[in-house]
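Asker: This is the structure I have questions about; it appears just below.
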Number of protein chains: 2
Amino acid sequence: MIQPPPAQPGMMEQEVDTPALIIDLDAFEHNLDTMMRMLAPTGAKLRAHAKTHKSPIIAQLQIARGAVGQCVQKVGEAEALAWGGVKDILVSNEVVGMQKLRRFAALADIATVAICVDSLFHVKQLETAARDANRRLTALVEIDAGGGRCGANPGAESVELAKRIASSRHLKFGGLQAYHGGAQHRRTHEERERAIVHAVAVTTQTLEGINAAGLKCGIVGGGGTGTFMLEARSGVYTEIQAGSYVFMDADYGRNIDDRKESVGAFRQSLFVLSTVMSQAREGTAVIDAGLKALTFESGMPLIWERPGVTYVDPSCEHGQLKVEAGIEAPSLGEKLRVVPPHCDPCVDRYDWYVGVRSGKVECLWPVAARGCIS
Amino acid sequence: MIQPPPAQPGMMEQEVDTPALIIDLDAFEHNLDTMMRMLAPTGAKLRAHAKTHKSPIIAQLQIARGAVGQCVQKVGEAEALAWGGVKDILVSNEVVGMQKLRRFAALADIATVAICVDSLFHVKQLETAARDANRRLTALVEIDAGGGRCGANPGAESVELAKRIASSRHLKFGGLQAYHGGAQHRRTHEERERAIVHAVAVTTQTLEGINAAGLKCGIVGGGGTGTFMLEARSGVYTEIQAGSYVFMDADYGRNIDDRKESVGAFRQSLFVLSTVMSQAREGTAVIDAGLKALTFESGMPLIWERPGVTYVDPSCEHGQLKVEAGIEAPSLGEKLRVVPPHCDPCVDRYDWYVGVRSGKVECLWPVAARGCIS
């Protein structure tokens, strides 16, 4: 079921029903603009990742500022964007199964779409979908840029896949996907740089093989909010796929970035607004945002601008706060901003963004690709 | 957005699009029946917790077997059940805010409803909602049965609240809510028993105070899947609020229950069906169920009936599996059943249950209260 919107434009933030997903619009627009300003001198383009925001409205705000298109992880996300008017979409992930690939092929009628493969199995399934739909579909080869998750081995194996795609009557070789997800949350610049030096090296090596085979590599894509300037300056990556920079979260907040070249350049713009719903014991308070309003795989949420108040224990519908001695506890009924530990899956908990500026609700945007996990 | 159903009745399980939420109907019905059989000799009634299943269809299956009604945690869940025909619903939780309390009051027209309070603040807000709606609303006093989360202090404080409710022209005192959530997942019977001995003691003490004040305590509710026979046999609890028993999960599976008096009596009936979507490296496989298809606050999911295959690392849309040396790896495109770490929030990730019997899809039930976090 889609939930009713928790607010109306013109309301004060404190009147919004909770839990609700709040965007601080000033911080959000700062983030959109900052990314474009940072990428401009590098020559790399932004293909922002919609797995964070899941919204054609936000996609269009990025595109209006110069993004060349969007990335998604799932066909359902691609549908939500394409149906909402986004014209250039890369599924930066492998997709298996003819049901999904038929849906992907259908999108080629209304948008420029591409998808990733990392094995011959994927190429053959995609080829079948393309043939059945009588369309030529674009495939990028994903290489393992160091994350050890998906991606063919860089070098010969990936070059062979690229050649196989290029030789197909039904497919078009679109380039390389070389995202290093594991590098994004490494805490120091040195650790992140080491990871991306490796990613750049294996991408360069693969690219040379592809060029030697006489193939043209349209896109070389990768880079996230934790590392994107390293990829952008590499001279190898043509497209940056950062997503979280629009919102930020508690986990990215733990990255060290004194240089203001990644997370340090952005502001926290995403919050879960929550109400203190019980306060039966001194030194504690319980808010109405628990395991269904937030996710906890990246640690505990933070309570925004309330020093001495800590989120210590979630249950399905409760968040237990601890209040340090000497600190005034939030009062029963009070609404608190909570910083999500991890923005992408947290957004997926909500049907609506409530856009707030100067304490007032300005807009309500549907999380259009909420729940698009297939 | 509501997602399209991932299957049609008559399909084989292996044809279901993934990720999908599967109910093994034989195991599920075994669980429904087993609970009634176990409670029968104790005299305690079942008021099953719908925060697990979120479905009027499943609620009605429980009621048809003798459950007196349903518990929920949120007004939105109560609405989904009442609108779907469930006639007796307890919000086993505090609710703060006039928007929500007005919605709660409206439900009194179509169902017997009650709600919990643990402070005078809650009583006054509920009184206002009742007066505005010109209805008499039923409130239970939640006592802290040992969990230290919500709940007034047992004894005098709770008795005073009960008297305050009973003296209101707009409210009716409905009984005590004495659920000990923290006890449910303690691993040994002895630990669970110690916790419930305490819960029974403080509930008895409070009950005596309430009786001494000349009040009648309609409901004494509590007990979850980990401990319910302890509460049911106590002679104090009148209603058992277990929810997870219908599905079970990996975390409950770690409770030790040689006596088959709690988790040991039930079978795993809930699974996330998932597809192997990449297999670029030996000894690994990547499935399409990650942070958006499962939740991870209770540890890692289990791969069902695939010894030597372990879920080791989630990301937004990926689950990395490790395959022990000498074990045949799942093949690319293969569909695997995954046991969720924690059933309640996992169900909230899906719009549809796919009911399966003997390998064949038998029914599709909407997760009607999905996303009802307010």
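Lettering and numbering for the structure tokens are positional, with chains as A, B, ... in the shown order, residues counted from 1 in each chain, and ligands counted from 1 in the shown order.
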Chain B residues within 8 Å of chain A, counting only C-alpha atoms: which ones, as a ChimeraX atom specification?

Answerer: /B:1-3,17-19,73,94-97,99,118-119,121,149-153,275-280,286,291-293,295-297,316-317,320,332-333,344-345,348-351,367-374

Asker: Closest to Gly222 of chain B among B:Asp33, B:Glu239, B:Glu160, B:Glu191, using only C-alpha atoms?

Answerer: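 Closest to Gly222 of chain B, using only C-alpha atoms: B:Glu239.
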
Asker: List the spatial neighbours of Leu101 of chain A as a VMD selection string - criterion: any atom at most 10 Å away, only C-alpha atoms, same-chain residues fewer than 6 positions off excluded.

Answerer: chain A and resid 75 95 107 115 125 to 130

Asker: Store the residues of this selection in a file with N, CA and C atoms, as a PDB file, in the first residue's frame.

Answerer:
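Output (again11.pdb):
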ATOM      1  N   VAL A  75      15.854  -3.140 -12.865  1.00  0.00           N
ATOM      2  CA  VAL A  75      14.979  -2.795 -13.986  1.00  0.00           C
ATOM      3  C   VAL A  75      13.781  -1.980 -13.487  1.00  0.00           C
ATOM      4  N   VAL A  95      21.695  -8.231 -14.593  1.00  0.00           N
ATOM      5  CA  VAL A  95      20.298  -8.628 -14.410  1.00  0.00           C
ATOM      6  C   VAL A  95      20.130 -10.008 -15.034  1.00  0.00           C
ATOM      7  N   LEU A 107      12.013  -0.788 -22.528  1.00  0.00           N
ATOM      8  CA  LEU A 107      12.358   0.607 -22.215  1.00  0.00           C
ATOM      9  C   LEU A 107      13.129   1.278 -23.348  1.00  0.00           C
ATOM     10  N   ILE A 115      22.930  -1.711 -20.071  1.00  0.00           N
ATOM     11  CA  ILE A 115      22.921  -2.645 -18.940  1.00  0.00           C
ATOM     12  C   ILE A 115      24.288  -3.313 -18.848  1.00  0.00           C
ATOM     13  N   GLN A 125      21.580 -14.243 -22.477  1.00  0.00           N
ATOM     14  CA  GLN A 125      20.201 -13.895 -22.075  1.00  0.00           C
ATOM     15  C   GLN A 125      19.790 -12.552 -22.672  1.00  0.00           C
ATOM     16  N   LEU A 126      20.702 -11.598 -22.642  1.00  0.00           N
ATOM     17  CA  LEU A 126      20.386 -10.261 -23.166  1.00  0.00           C
ATOM     18  C   LEU A 126      20.154 -10.323 -24.679  1.00  0.00           C
ATOM     19  N   GLU A 127      20.950 -11.142 -25.333  1.00  0.00           N
ATOM     20  CA  GLU A 127      20.831 -11.325 -26.776  1.00  0.00           C
ATOM     21  C   GLU A 127      19.441 -11.891 -27.119  1.00  0.00           C
ATOM     22  N   THR A 128      19.004 -12.854 -26.344  1.00  0.00           N
ATOM     23  CA  THR A 128      17.666 -13.428 -26.558  1.00  0.00           C
ATOM     24  C   THR A 128      16.592 -12.364 -26.384  1.00  0.00           C
ATOM     25  N   ALA A 129      16.721 -11.572 -25.314  1.00  0.00           N
ATOM     26  CA  ALA A 129      15.731 -10.510 -25.059  1.00  0.00           C
ATOM     27  C   ALA A 129      15.723  -9.501 -26.195  1.00  0.00           C
ATOM     28  N   ALA A 130      16.914  -9.151 -26.696  1.00  0.00           N
ATOM     29  CA  ALA A 130      17.019  -8.171 -27.780  1.00  0.00           C
ATOM     30  C   ALA A 130      16.398  -8.733 -29.064  1.00  0.00           C
TER      31      ALA A 130
END

Asker: Fewer than 5 positions away in the same chain doesn't count, so skip those; otherwise give me all residues within 9 Å of Gly359 of chain B, counting only C-alpha atoms, as a list of chain:residue names.

Answerer: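 Surrounding residues, per the criterion: B:Met11, B:Met12, B:Glu13, B:Gln14, B:Asp24.
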
Asker: Need to verify the contact set: Ile219 of chain A, 7 Å, only C-alpha atoms, exclusion of same-chain residues closer than 5 positions in sequence. Can you return it as a ChimeraX atom specification?

Answerer: /A:174-176,238-239

Asker: Excluding same-chain residues fewer than 5 positions from Thr203 of chain B, what lies within 10 Å of it counting only C-alpha atoms, as an NGL selection string?

Answerer: :B and (143-145 or 154-155 or 176-179 or 197-198 or 208-209 or 220-221 or 236-237)

Asker: Could you write out that same residue set with C-alpha atoms as a PDB file, in the first residue's frame?

Answerer:
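Wrote result03.pdb, looks like this:
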ATOM      1  CA  ILE B 143       3.843  -1.526  32.503  1.00  0.00           C
ATOM      2  CA  ASP B 144       7.563  -2.096  32.183  1.00  0.00           C
ATOM      3  CA  ALA B 145       7.645  -5.873  32.501  1.00  0.00           C
ATOM      4  CA  PRO B 154       4.747  -1.438  37.860  1.00  0.00           C
ATOM      5  CA  GLY B 155       2.818  -1.006  41.091  1.00  0.00           C
ATOM      6  CA  LEU B 176      -2.600  -4.125  31.437  1.00  0.00           C
ATOM      7  CA  GLN B 177      -0.057  -4.463  28.658  1.00  0.00           C
ATOM      8  CA  ALA B 178       2.922  -6.387  30.069  1.00  0.00           C
ATOM      9  CA  TYR B 179       5.009  -7.576  27.152  1.00  0.00           C
ATOM     10  CA  VAL B 197       9.226 -14.869  36.342  1.00  0.00           C
ATOM     11  CA  HIS B 198      10.056 -11.204  36.885  1.00  0.00           C
ATOM     12  CA  GLU B 208      -3.403  -6.588  42.989  1.00  0.00           C
ATOM     13  CA  GLY B 209      -3.222  -2.803  43.291  1.00  0.00           C
ATOM     14  CA  VAL B 220      -3.610  -8.760  30.788  1.00  0.00           C
ATOM     15  CA  GLY B 221      -1.586  -9.070  27.605  1.00  0.00           C
ATOM     16  CA  VAL B 236      -2.007 -13.914  35.322  1.00  0.00           C
ATOM     17  CA  TYR B 237      -1.830 -13.264  31.595  1.00  0.00           C
TER      18      TYR B 237
END

Asker: Check segment 24-115 of chain B with DSSP on the backbone and list each residue it calls alpha helix (DSSP H), as a PyMOL selection string.

Answerer: chain B and resi 25-39+50-53+56-64+75-83+98-107

Asker: Dump N, CA and C atoms for the selected residues as a short mmCIF file (atom, residue, chain, number, x, y, z; two decimals), in the first residue's frame?

Answerer:
data_model
loop_
_atom_site.label_atom_id
_atom_site.label_comp_id
_atom_site.auth_asym_id
_atom_site.auth_seq_id
_atom_site.Cartn_x
_atom_site.Cartn_y
_atom_site.Cartn_z
N LEU B 25 3.20 -22.87 2.60
CA LEU B 25 1.87 -22.92 3.22
C LEU B 25 1.71 -24.10 4.18
N ASP B 26 2.35 -25.22 3.89
CA ASP B 26 2.24 -26.36 4.82
C ASP B 26 2.87 -26.01 6.17
N ALA B 27 4.06 -25.43 6.13
CA ALA B 27 4.73 -25.06 7.38
C ALA B 27 3.95 -23.97 8.11
N PHE B 28 3.44 -23.02 7.35
CA PHE B 28 2.66 -21.91 7.91
C PHE B 28 1.40 -22.41 8.63
N GLU B 29 0.68 -23.31 8.00
CA GLU B 29 -0.55 -23.83 8.62
C GLU B 29 -0.21 -24.70 9.83
N HIS B 30 0.90 -25.43 9.72
CA HIS B 30 1.37 -26.18 10.89
C HIS B 30 1.58 -25.22 12.07
N ASN B 31 2.17 -24.07 11.80
CA ASN B 31 2.43 -23.10 12.87
C ASN B 31 1.14 -22.54 13.45
N LEU B 32 0.20 -22.19 12.57
CA LEU B 32 -1.09 -21.66 13.05
C LEU B 32 -1.77 -22.67 13.98
N ASP B 33 -1.79 -23.92 13.55
CA ASP B 33 -2.49 -24.96 14.33
C ASP B 33 -1.75 -25.28 15.62
N THR B 34 -0.42 -25.33 15.54
CA THR B 34 0.38 -25.69 16.71
C THR B 34 0.17 -24.69 17.84
N MET B 35 0.14 -23.41 17.51
CA MET B 35 -0.07 -22.40 18.55
C MET B 35 -1.39 -22.63 19.28
N MET B 36 -2.46 -22.90 18.55
CA MET B 36 -3.76 -23.09 19.19
C MET B 36 -3.74 -24.33 20.07
N ARG B 37 -3.11 -25.38 19.57
CA ARG B 37 -3.01 -26.63 20.33
C ARG B 37 -2.23 -26.43 21.62
N MET B 38 -1.16 -25.65 21.56
CA MET B 38 -0.34 -25.43 22.75
C MET B 38 -1.06 -24.56 23.78
N LEU B 39 -1.78 -23.55 23.30
CA LEU B 39 -2.44 -22.64 24.25
C LEU B 39 -3.69 -23.24 24.88
N ALA B 50 -0.05 -8.68 14.63
CA ALA B 50 -0.04 -8.45 13.19
C ALA B 50 1.15 -7.62 12.74
N LYS B 51 2.01 -7.17 13.69
CA LYS B 51 3.22 -6.46 13.24
C LYS B 51 4.13 -7.42 12.49
N THR B 52 3.93 -8.71 12.67
CA THR B 52 4.67 -9.69 11.87
C THR B 52 4.10 -9.78 10.46
N HIS B 53 2.81 -10.11 10.36
CA HIS B 53 2.28 -10.48 9.03
C HIS B 53 1.66 -9.33 8.26
N PRO B 56 -4.73 -8.65 6.74
CA PRO B 56 -6.04 -9.08 7.21
C PRO B 56 -6.35 -10.53 6.82
N ILE B 57 -5.77 -11.00 5.74
CA ILE B 57 -6.03 -12.39 5.31
C ILE B 57 -5.45 -13.36 6.34
N ILE B 58 -4.20 -13.09 6.76
CA ILE B 58 -3.58 -13.98 7.76
C ILE B 58 -4.28 -13.79 9.11
N ALA B 59 -4.66 -12.55 9.43
CA ALA B 59 -5.40 -12.32 10.68
C ALA B 59 -6.66 -13.19 10.72
N GLN B 60 -7.37 -13.23 9.62
CA GLN B 60 -8.62 -14.01 9.60
C GLN B 60 -8.35 -15.51 9.73
N LEU B 61 -7.22 -15.98 9.20
CA LEU B 61 -6.87 -17.40 9.38
C LEU B 61 -6.61 -17.69 10.85
N GLN B 62 -6.01 -16.73 11.56
CA GLN B 62 -5.76 -16.91 13.00
C GLN B 62 -7.07 -16.87 13.78
N ILE B 63 -7.93 -15.93 13.40
CA ILE B 63 -9.21 -15.77 14.11
C ILE B 63 -10.11 -16.99 13.87
N ALA B 64 -10.07 -17.50 12.64
CA ALA B 64 -10.87 -18.70 12.34
C ALA B 64 -10.44 -19.88 13.21
N VAL B 75 -1.11 2.88 14.31
CA VAL B 75 -2.49 3.17 13.88
C VAL B 75 -2.69 2.75 12.42
N GLY B 76 -1.67 2.96 11.60
CA GLY B 76 -1.78 2.55 10.20
C GLY B 76 -2.01 1.06 10.04
N GLU B 77 -1.36 0.26 10.90
CA GLU B 77 -1.60 -1.19 10.88
C GLU B 77 -3.03 -1.51 11.33
N ALA B 78 -3.49 -0.79 12.36
CA ALA B 78 -4.87 -1.00 12.84
C ALA B 78 -5.86 -0.70 11.72
N GLU B 79 -5.61 0.38 10.99
CA GLU B 79 -6.50 0.73 9.87
C GLU B 79 -6.53 -0.39 8.84
N ALA B 80 -5.35 -0.88 8.45
CA ALA B 80 -5.31 -1.92 7.41
C ALA B 80 -6.10 -3.15 7.84
N LEU B 81 -6.03 -3.50 9.13
CA LEU B 81 -6.78 -4.66 9.62
C LEU B 81 -8.27 -4.37 9.72
N ALA B 82 -8.61 -3.23 10.34
CA ALA B 82 -10.04 -2.91 10.55
C ALA B 82 -10.74 -2.74 9.21
N TRP B 83 -10.11 -2.02 8.30
CA TRP B 83 -10.68 -1.85 6.96
C TRP B 83 -10.85 -3.19 6.27
N MET B 98 -2.06 14.18 17.81
CA MET B 98 -3.50 14.21 17.61
C MET B 98 -3.91 13.69 16.23
N GLN B 99 -3.05 13.88 15.20
CA GLN B 99 -3.40 13.34 13.88
C GLN B 99 -3.65 11.84 13.97
N LYS B 100 -2.71 11.13 14.60
CA LYS B 100 -2.82 9.67 14.70
C LYS B 100 -3.98 9.28 15.61
N LEU B 101 -4.16 9.99 16.72
CA LEU B 101 -5.20 9.60 17.68
C LEU B 101 -6.60 9.84 17.12
N ARG B 102 -6.73 10.84 16.26
CA ARG B 102 -8.02 11.04 15.59
C ARG B 102 -8.33 9.86 14.66
N ARG B 103 -7.29 9.40 13.95
CA ARG B 103 -7.50 8.23 13.08
C ARG B 103 -7.87 7.01 13.92
N PHE B 104 -7.19 6.86 15.06
CA PHE B 104 -7.52 5.73 15.95
C PHE B 104 -8.96 5.81 16.40
N ALA B 105 -9.39 7.00 16.82
CA ALA B 105 -10.76 7.16 17.33
C ALA B 105 -11.79 6.79 16.26
N ALA B 106 -11.48 7.12 15.02
CA ALA B 106 -12.42 6.83 13.93
C ALA B 106 -12.65 5.33 13.75
N LEU B 107 -11.64 4.55 14.11
CA LEU B 107 -11.77 3.09 13.95
C LEU B 107 -12.78 2.49 14.91
#

Asker: So that I can check the secondary structure, give me every residue of segment 61-148 of chain A assigned strand (DSSP E or B) by backbone DSSP, as a ChimeraX atom specification.

Answerer: /A:69-72,88-94,112-117,137-143

Asker: In Å to one decimal, how far is atom CA of Phe266 of chain A from atom CA of Ser358 of chain A?

Answerer: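 So the two atoms, atom CA of Ser358 of chain A and atom CA of Phe266 of chain A, lie 18.7 Å apart.
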
Asker: Rounded to one decimal, what separation in Å do you get between atom CA of Arg192 of chain A and atom CA of Arg259 of chain A?

Answerer: 12.9 Å
